[in-house]
file run_16.cif (mmCIF, C-alpha atoms and all ligand atoms)
data_entry
loop_
_atom_site.label_atom_id
_atom_site.label_comp_id
_atom_site.auth_asym_id
_atom_site.auth_seq_id
_atom_site.Cartn_x
_atom_site.Cartn_y
_atom_site.Cartn_z
CA MET N 155 8.28 54.25 65.97
CA HIS N 156 11.92 54.06 66.97
CA ARG N 157 12.99 54.25 70.60
CA SER N 158 14.30 57.73 69.82
CA GLY N 159 10.75 58.82 69.05
CA ASN N 160 11.42 59.19 65.34
CA PRO N 161 9.31 57.31 62.80
CA VAL N 162 11.99 55.34 61.01
CA LEU N 163 10.74 52.05 59.64
CA ALA N 164 7.39 50.44 59.16
CA ALA N 165 5.46 48.24 56.79
CA GLY N 166 2.17 49.75 55.69
CA GLU N 167 -0.33 50.52 53.00
CA ASP N 168 0.51 54.18 52.44
CA PRO N 169 1.36 55.04 48.85
CA PRO N 170 4.96 56.00 48.14
CA THR N 171 5.55 59.63 48.96
CA PRO N 172 8.59 61.85 49.39
CA GLU N 173 6.85 63.68 52.25
CA PRO N 174 8.86 63.01 55.39
CA SER N 175 5.89 63.49 57.71
CA SER N 176 3.86 60.66 56.22
CA ALA N 177 6.51 58.47 54.74
CA ILE N 178 6.14 54.83 55.65
CA VAL N 179 8.66 52.51 54.18
CA HIS N 180 9.43 48.88 54.04
CA ALA N 181 12.99 48.00 53.16
CA GLY N 182 12.49 44.38 52.24
CA SER N 183 13.91 41.17 53.55
CA ALA N 184 16.31 38.64 52.13
CA LEU N 185 14.53 35.86 53.97
CA GLU N 186 13.32 32.83 52.08
CA ILE N 187 9.85 32.09 53.44
CA PRO N 188 8.77 28.43 53.57
CA GLU N 189 5.97 27.54 51.15
CA HIS N 190 3.34 26.89 53.83
CA LEU N 191 3.65 30.48 55.11
CA ARG N 192 3.50 32.17 51.74
CA ALA N 193 -0.32 32.31 51.78
CA ASP N 194 -0.14 34.80 54.64
CA PRO N 195 -0.40 38.25 52.96
CA PHE N 196 1.87 39.93 55.47
CA VAL N 197 4.54 37.24 55.25
CA ARG N 198 4.33 37.36 51.47
CA TYR N 199 4.77 41.14 51.55
CA MET N 200 7.78 40.89 53.81
CA SER N 201 9.44 38.29 51.62
CA ASP N 202 8.73 39.94 48.30
CA PRO N 203 8.43 43.70 48.80
CA PRO N 204 6.95 45.63 45.90
CA LEU N 205 9.49 47.58 43.89
CA GLU N 206 7.79 50.86 44.79
CA ASP N 207 8.76 50.26 48.41
CA ILE N 208 12.41 50.16 47.43
CA ALA N 209 11.72 53.45 45.62
CA ASN N 210 10.29 54.71 48.89
CA VAL N 211 13.71 54.35 50.51
CA ASP N 212 15.07 56.53 47.73
CA ALA N 213 12.28 59.04 48.40
CA LEU N 214 13.25 59.21 52.05
CA LEU N 215 16.90 59.68 51.15
CA GLU N 216 15.97 62.44 48.66
CA ALA N 217 13.85 64.11 51.33
CA GLY N 218 16.96 64.37 53.51
CA PHE N 219 15.87 62.04 56.27
CA ALA N 220 19.23 60.31 56.44
CA LYS N 221 21.19 63.57 56.53
CA GLU N 222 19.26 64.54 59.65
CA GLY N 223 20.01 61.20 61.29
CA ARG N 224 16.31 60.33 61.30
CA LEU N 225 16.29 57.28 59.08
CA ALA N 226 17.08 53.81 60.36
CA LEU N 227 16.74 50.48 58.62
CA GLU N 228 16.44 47.24 60.50
CA THR N 229 17.26 43.69 59.56
CA ILE N 230 17.86 40.54 61.50
CA ILE N 231 21.05 38.52 61.16
CA CYS N 232 20.30 35.16 59.56
CA PRO N 233 22.08 32.57 57.41
CA GLN N 234 20.52 33.97 54.22
CA ASN N 235 21.93 37.49 54.61
CA TYR N 236 25.00 36.82 56.73
CA GLU N 237 27.60 37.26 53.99
CA ASP N 238 25.87 40.41 52.66
CA LEU N 239 25.61 42.23 55.98
CA PRO N 240 29.03 43.97 55.91
CA ASP N 241 28.15 45.50 52.52
CA MET N 242 24.65 46.40 53.72
CA TRP N 243 26.14 48.01 56.82
CA ARG N 244 28.66 49.98 54.76
CA TRP N 245 25.92 51.15 52.35
CA MET N 246 23.73 52.37 55.21
CA ARG N 247 26.63 54.24 56.82
CA GLN N 248 27.48 55.84 53.47
CA GLN N 249 23.89 57.07 53.12
CA GLY N 250 23.76 58.34 56.69
CA ILE N 251 21.19 55.69 57.59
CA ILE N 252 21.33 54.31 61.13
CA PRO N 253 21.81 50.54 60.80
CA GLU N 254 19.86 48.32 63.18
CA VAL N 255 21.17 44.82 62.57
CA GLU N 256 19.87 42.48 65.19
CA ILE N 257 20.28 38.90 66.41
CA PRO N 258 16.72 37.56 66.03
CA THR N 259 14.61 36.43 68.97
CA ILE N 260 13.16 33.05 68.08
CA HIS N 261 9.53 33.03 69.13
CA GLY N 262 6.03 32.88 67.67
CA ARG N 263 6.10 31.84 64.02
CA ALA N 264 9.85 32.29 64.00
CA ALA N 265 10.11 29.15 66.14
CA VAL N 266 8.65 27.13 63.25
CA ASN N 267 11.42 28.41 60.96
CA HIS N 268 14.11 28.32 63.56
CA MET N 269 16.82 26.89 61.30
CA SER N 270 16.12 29.50 58.59
CA LEU N 271 16.50 32.34 61.06
CA SER N 272 19.38 31.34 63.28
CA PHE N 273 22.55 29.34 63.20
CA ASP N 274 23.21 25.96 64.66
CA GLU N 275 23.65 26.30 68.42
CA ALA N 276 27.25 25.12 68.21
CA GLU N 277 28.31 27.87 65.81
CA ALA N 278 25.90 30.74 66.56
CA SER N 279 28.07 32.67 69.01
CA ALA N 280 31.15 32.43 66.81
CA LYS N 281 29.15 33.63 63.79
CA TYR N 282 27.78 36.61 65.69
CA ARG N 283 31.21 37.45 67.10
CA ALA N 284 32.84 37.38 63.66
CA LEU N 285 30.14 39.59 62.16
CA PHE N 286 30.16 42.11 65.01
CA GLU N 287 33.95 42.35 64.82
CA GLU N 288 33.85 42.89 61.05
CA LEU N 289 31.22 45.62 61.41
CA LEU N 290 33.34 47.26 64.11
CA ARG N 291 36.36 47.11 61.79
CA ILE N 292 34.36 48.82 59.05
CA ASP N 293 33.09 51.48 61.45
CA GLU N 294 36.54 52.23 62.89
CA THR N 295 38.50 52.22 59.64
CA GLU N 296 35.96 53.79 57.27
CA PHE N 297 33.61 55.91 59.35
CA GLY N 298 35.40 56.88 62.56
CA PHE N 299 32.92 55.20 64.90
CA THR N 300 33.87 52.83 67.68
CA TRP N 301 31.88 50.66 70.05
CA ILE N 302 32.21 47.46 72.07
CA PRO N 303 30.74 44.30 70.50
CA HIS N 304 27.99 42.69 72.58
CA PRO N 305 24.47 41.41 71.91
CA PRO N 306 21.84 41.93 70.71
CA PHE N 307 22.94 44.40 68.02
CA PRO N 308 26.15 46.09 66.88
CA ALA N 309 26.83 49.70 67.89
CA GLY N 310 24.02 49.84 70.40
CA SER N 311 22.49 48.45 73.57
CA CYS N 312 19.02 47.32 74.51
CA THR N 313 17.38 49.45 77.21
CA LEU N 314 13.80 48.29 76.64
CA PHE N 315 13.48 46.57 80.01
CA GLU N 316 14.21 49.88 81.71
CA THR N 317 12.14 52.14 79.51
CA ASN N 318 9.56 50.19 77.54
CA CYS N 319 6.41 48.18 77.56
CA TYR N 320 4.84 46.28 74.68
CA VAL N 321 1.09 45.84 74.21
CA ASN N 322 0.20 42.83 72.11
CA ASP N 323 -2.84 42.43 69.88
CA ARG N 324 -5.08 41.28 72.71
CA GLY N 325 -4.09 44.01 75.13
CA GLY N 326 -1.55 41.91 76.96
CA VAL N 327 1.25 43.99 78.48
CA GLN N 328 4.76 42.60 78.06
CA PRO N 329 8.21 44.06 78.80
CA CYS N 330 9.16 43.83 75.11
CA ALA N 331 8.11 41.97 71.99
CA GLY N 332 10.60 39.17 72.59
CA VAL N 333 9.45 38.39 76.12
CA ASP N 334 5.89 37.23 75.50
CA LYS N 335 4.97 36.99 79.15
CA GLU N 336 1.88 39.08 79.89
CA PHE N 337 1.86 41.00 83.15
CA GLY N 338 -1.83 41.77 82.73
CA ILE N 339 -4.42 42.48 80.08
CA ILE N 340 -5.69 46.02 79.60
CA GLY N 341 -9.37 46.12 80.54
CA ARG N 342 -9.43 42.82 82.40
CA ASP N 343 -6.66 43.78 84.81
CA GLY N 344 -7.02 47.57 84.79
CA THR N 345 -5.52 50.31 82.71
CA LEU N 346 -2.09 50.24 81.12
CA ALA N 347 -0.92 52.55 83.91
CA ASP N 348 -2.31 50.15 86.52
CA ILE N 349 -0.41 47.23 85.01
CA VAL N 350 2.97 48.89 84.44
CA THR N 351 3.01 50.30 87.97
CA THR N 352 2.52 46.94 89.67
CA ALA N 353 5.43 45.72 91.77
CA GLU N 354 5.81 42.74 89.43
CA PHE N 355 6.19 44.87 86.31
CA GLN N 356 8.39 47.40 88.08
CA GLY N 357 10.67 44.47 88.93
CA VAL N 358 11.46 44.27 85.22
CA ARG N 359 13.05 47.71 85.48
CA ARG N 360 15.66 46.33 87.90
CA VAL N 361 17.03 44.05 85.21
CA ARG N 362 20.68 44.90 85.85
CA GLU N 363 20.33 43.84 89.50
CA ARG N 364 18.36 40.70 88.69
CA VAL N 365 20.14 39.30 85.64
CA ALA N 366 21.91 35.98 86.24
CA GLU N 367 25.59 35.11 86.00
CA PRO N 368 27.72 35.52 84.01
CA CYS N 369 25.94 38.70 82.87
CA ALA N 370 25.69 39.87 86.51
CA SER N 371 29.48 39.98 86.86
CA CYS N 372 30.22 41.07 83.31
CA ASP N 373 32.38 44.16 82.95
CA LEU N 374 29.80 45.49 80.47
CA ILE N 375 26.77 45.21 82.79
CA ASP N 376 26.37 49.00 82.90
CA VAL N 377 25.89 49.13 79.12
CA CYS N 378 24.54 45.65 78.33
CA TYR N 379 22.21 43.08 79.81
CA GLY N 380 22.03 40.95 76.69
CA CYS N 381 18.80 40.10 74.90
CA ARG N 382 16.11 39.34 77.46
CA GLY N 383 13.91 37.91 74.73
CA ALA N 384 16.60 35.43 73.72
CA SER N 385 17.07 34.41 77.34
CA TYR N 386 13.34 34.02 77.95
CA GLN N 387 12.74 32.00 74.80
CA ALA N 388 15.73 29.76 75.50
CA THR N 389 15.15 29.10 79.19
CA GLY N 390 11.76 30.43 80.31
CA ASP N 391 13.62 32.87 82.59
CA MET N 392 13.76 36.46 81.36
CA PHE N 393 16.68 37.15 83.69
CA ALA N 394 18.85 34.25 82.53
CA ALA N 395 22.19 34.93 80.82
CA ASP N 396 22.02 35.73 77.12
CA PRO N 397 22.32 32.31 75.43
CA VAL N 398 24.28 33.47 72.39
CA CYS N 399 26.55 36.11 73.88
CA PHE N 400 30.06 35.53 72.59
CA ARG N 401 31.53 36.89 75.83
CA ASN N 402 30.10 34.16 78.05
CA GLN N 403 30.57 30.97 76.04
CA ASP N 404 32.79 29.31 78.63
CA VAL N 405 29.57 28.89 80.60
CA THR N 406 27.16 26.05 79.80
CA PRO N 407 24.43 27.46 77.56
CA PRO N 408 20.90 27.47 78.99
CA LYS N 409 18.70 24.55 77.99
CA ARG N 410 16.02 25.34 75.40
CA VAL N 411 12.46 24.87 76.68
CA THR N 412 9.18 24.18 74.88
CA GLN N 413 7.52 27.32 73.50
CA GLY N 414 4.00 28.12 74.65
CA CYS N 415 1.96 29.78 77.33
CA GLU N 416 3.57 28.06 80.31
CA GLY N 417 4.41 30.62 82.94
CA CYS N 418 2.38 33.25 81.12
CA SER N 419 -0.36 35.08 83.00
CA CYS N 420 -2.69 35.09 79.99
CA GLY N 421 -4.59 32.09 81.31
CA SER N 422 -4.46 30.16 78.03
S1 LIG Z 501 27.85 38.49 79.29
FE1 LIG Z 501 25.80 39.42 79.40
S2 LIG Z 501 26.17 41.57 80.05
FE2 LIG Z 501 28.13 40.73 79.27
S3 LIG Z 501 28.25 41.29 77.12
FE3 LIG Z 501 27.31 39.23 77.22
S4 LIG Z 501 25.09 39.60 77.28
FE4 LIG Z 501 26.11 41.56 77.77
#

call {"tool": "encode", "arguments": {"input": "run_16.cif", "output": "structure tokens"}}
result
Amino acid sequence: MHRSGNPVLAAGEDPPTPEPSSAIVHAGSALEIPEHLRADPFVRYMSDPPLEDIANVDALLEAGFAKEGRLALETIICPQNYEDLPDMWRWMRQQGIIPEVEIPTIHGRAAVNHMSLSFDEAEASAKYRALFEELLRIDETEFGFTWIPHPPFPAGSCTLFETNCYVNDRGGVQPCAGVDKEFGIIGRDGTLADIVTTAEFQGVRRVRERVAEPCASCDLIDVCYGCRGASYQATGDMFAADPVCFRNQDVTPPKRVTQGCEGCSCGS
């Protein structure tokens, strides 16, 4: 389910169908999955989507989803698809598809494949800046859209910390998928409502007041607070400055910390 409330992109077992109400589609991934992960059925599916799923995108287009602005496709930005992304972006715009092209948050299994999913620390910001600026050029010259480049995705801003919660597969309540700090577990610590109304969780909502420098003084703070997941995974502090923002690279990047359950309330 997209933040807008529209069902726009999912991986699932439903058979291909042109019916908008039940259409579930997987658009595929250009990612090369390391051999040791290929046994995982879900990872295998993501890396090698069946042809009928590509046909499913066509079915959604034929059903008029894109014309109504209800179809979005998401991909991360990674070394494997970097050069193709301007063409992918242009194709989605031409179809009327909303492109969601995102700097990946490196956590969970992604941490194992870190170098497949992100760029070397020394060049990451410059790579993202160049891509965002090229996508903006395409939007302004070919489609009449304009926006200000900033993380974590082009032509949009993250507002999840102010509007969202994420429930993981064990009932742990997080601010978003990228910040895997649990503020409580449903059942053990009360209901979902109990957990999201605690003072601690409500403190997440005040992200724009709490975010560290240089984000705090950034002229874009009203429309951007960076990627909180990227900050959390890089530093252990969900309110640290975005580590790959190309607008704050004159500041020493946060030090990467060991991944794991440290600082998490899950008790593991
Ligand atoms: S410095 Fe922070 S608030 Fe400013 S654009 Fe970068 S991530 Fe966004």

call {"tool": "closest_residue", "arguments": {"input": "run_16.cif", "among": "N:Leu285, N:Ala394, N:Leu227, N:Leu346", "to": "Glu367 of chain N", "atoms": "only C-alpha atoms"}}
result
N:Ala394

call {"tool": "residues_around", "arguments": {"input": "run_16.cif", "residues": "segment 232-246 of chain N", "least_positions_apart": "5", "cutoff": "6 Å", "atoms": "all atoms listed in the file", "output": "list in words"}}
result
Ile251, Leu271 and Ser272 of chain N

call {"tool": "residues_near_ligand", "arguments": {"input": "run_16.cif", "ligand": "ligand LIG 501 (chain Z)", "cutoff": "10 Å", "atoms": "only C-alpha atoms and all ligand atoms", "output": "PyMOL selection string"}}
result
chain N and resi 302-306+311-312+362+365-382+385+394-403+405

call {"tool": "atom_distance", "arguments": {"input": "run_16.cif", "atom1": "atom CA of Ala353 of chain N", "atom2": "atom CA of Gly262 of chain N"}}
result
27.3 Å

call {"tool": "atom_distance", "arguments": {"input": "run_16.cif", "atom1": "atom CA of Ala278 of chain N", "atom2": "atom CA of Ile257 of chain N"}}
result
9.9 Å

call {"tool": "closest_residue", "arguments": {"input": "run_16.cif", "among": "N:Phe219, N:Phe393, N:Phe297, N:Tyr320", "to": "Arg364 of chain N", "atoms": "only C-alpha atoms"}}
result
N:Phe393

call {"tool": "atom_distance", "arguments": {"input": "run_16.cif", "atom1": "atom CA of Leu225 of chain N", "atom2": "atom CA of Gly250 of chain N"}}
result
7.9 Å

call {"tool": "closest_residue", "arguments": {"input": "run_16.cif", "among": "N:Asp323, N:Glu254, N:Asp348, N:Glu336", "to": "Leu289 of chain N", "atoms": "all atoms listed in the file"}}
result
N:Glu254

call {"tool": "closest_residue", "arguments": {"input": "run_16.cif", "among": "N:Ala213, N:Ile292, N:Ala384, N:Val327", "to": "Arg342 of chain N", "atoms": "all atoms listed in the file"}}
result
N:Val327

call {"tool": "closest_residue", "arguments": {"input": "run_16.cif", "among": "N:Ala217, N:Ile231, N:Ala284, N:Ala309", "to": "Ile252 of chain N", "atoms": "all atoms listed in the file"}}
result
N:Ala309

call {"tool": "axis_aligned_box", "arguments": {"input": "run_16.cif", "around": "segment 296-299 of chain N", "padding_each_side": "6 Å", "output": "JSON"}}
result
{"center_x": 34.4, "center_y": 55.3, "center_z": 61.1, "size_x": 15.0, "size_y": 15.1, "size_z": 19.6}

call {"tool": "closest_residue", "arguments": {"input": "run_16.cif", "among": "N:Ser270, N:Thr229, N:Thr313, N:Thr295", "to": "Val255 of chain N", "atoms": "all atoms listed in the file"}}
result
N:Thr229
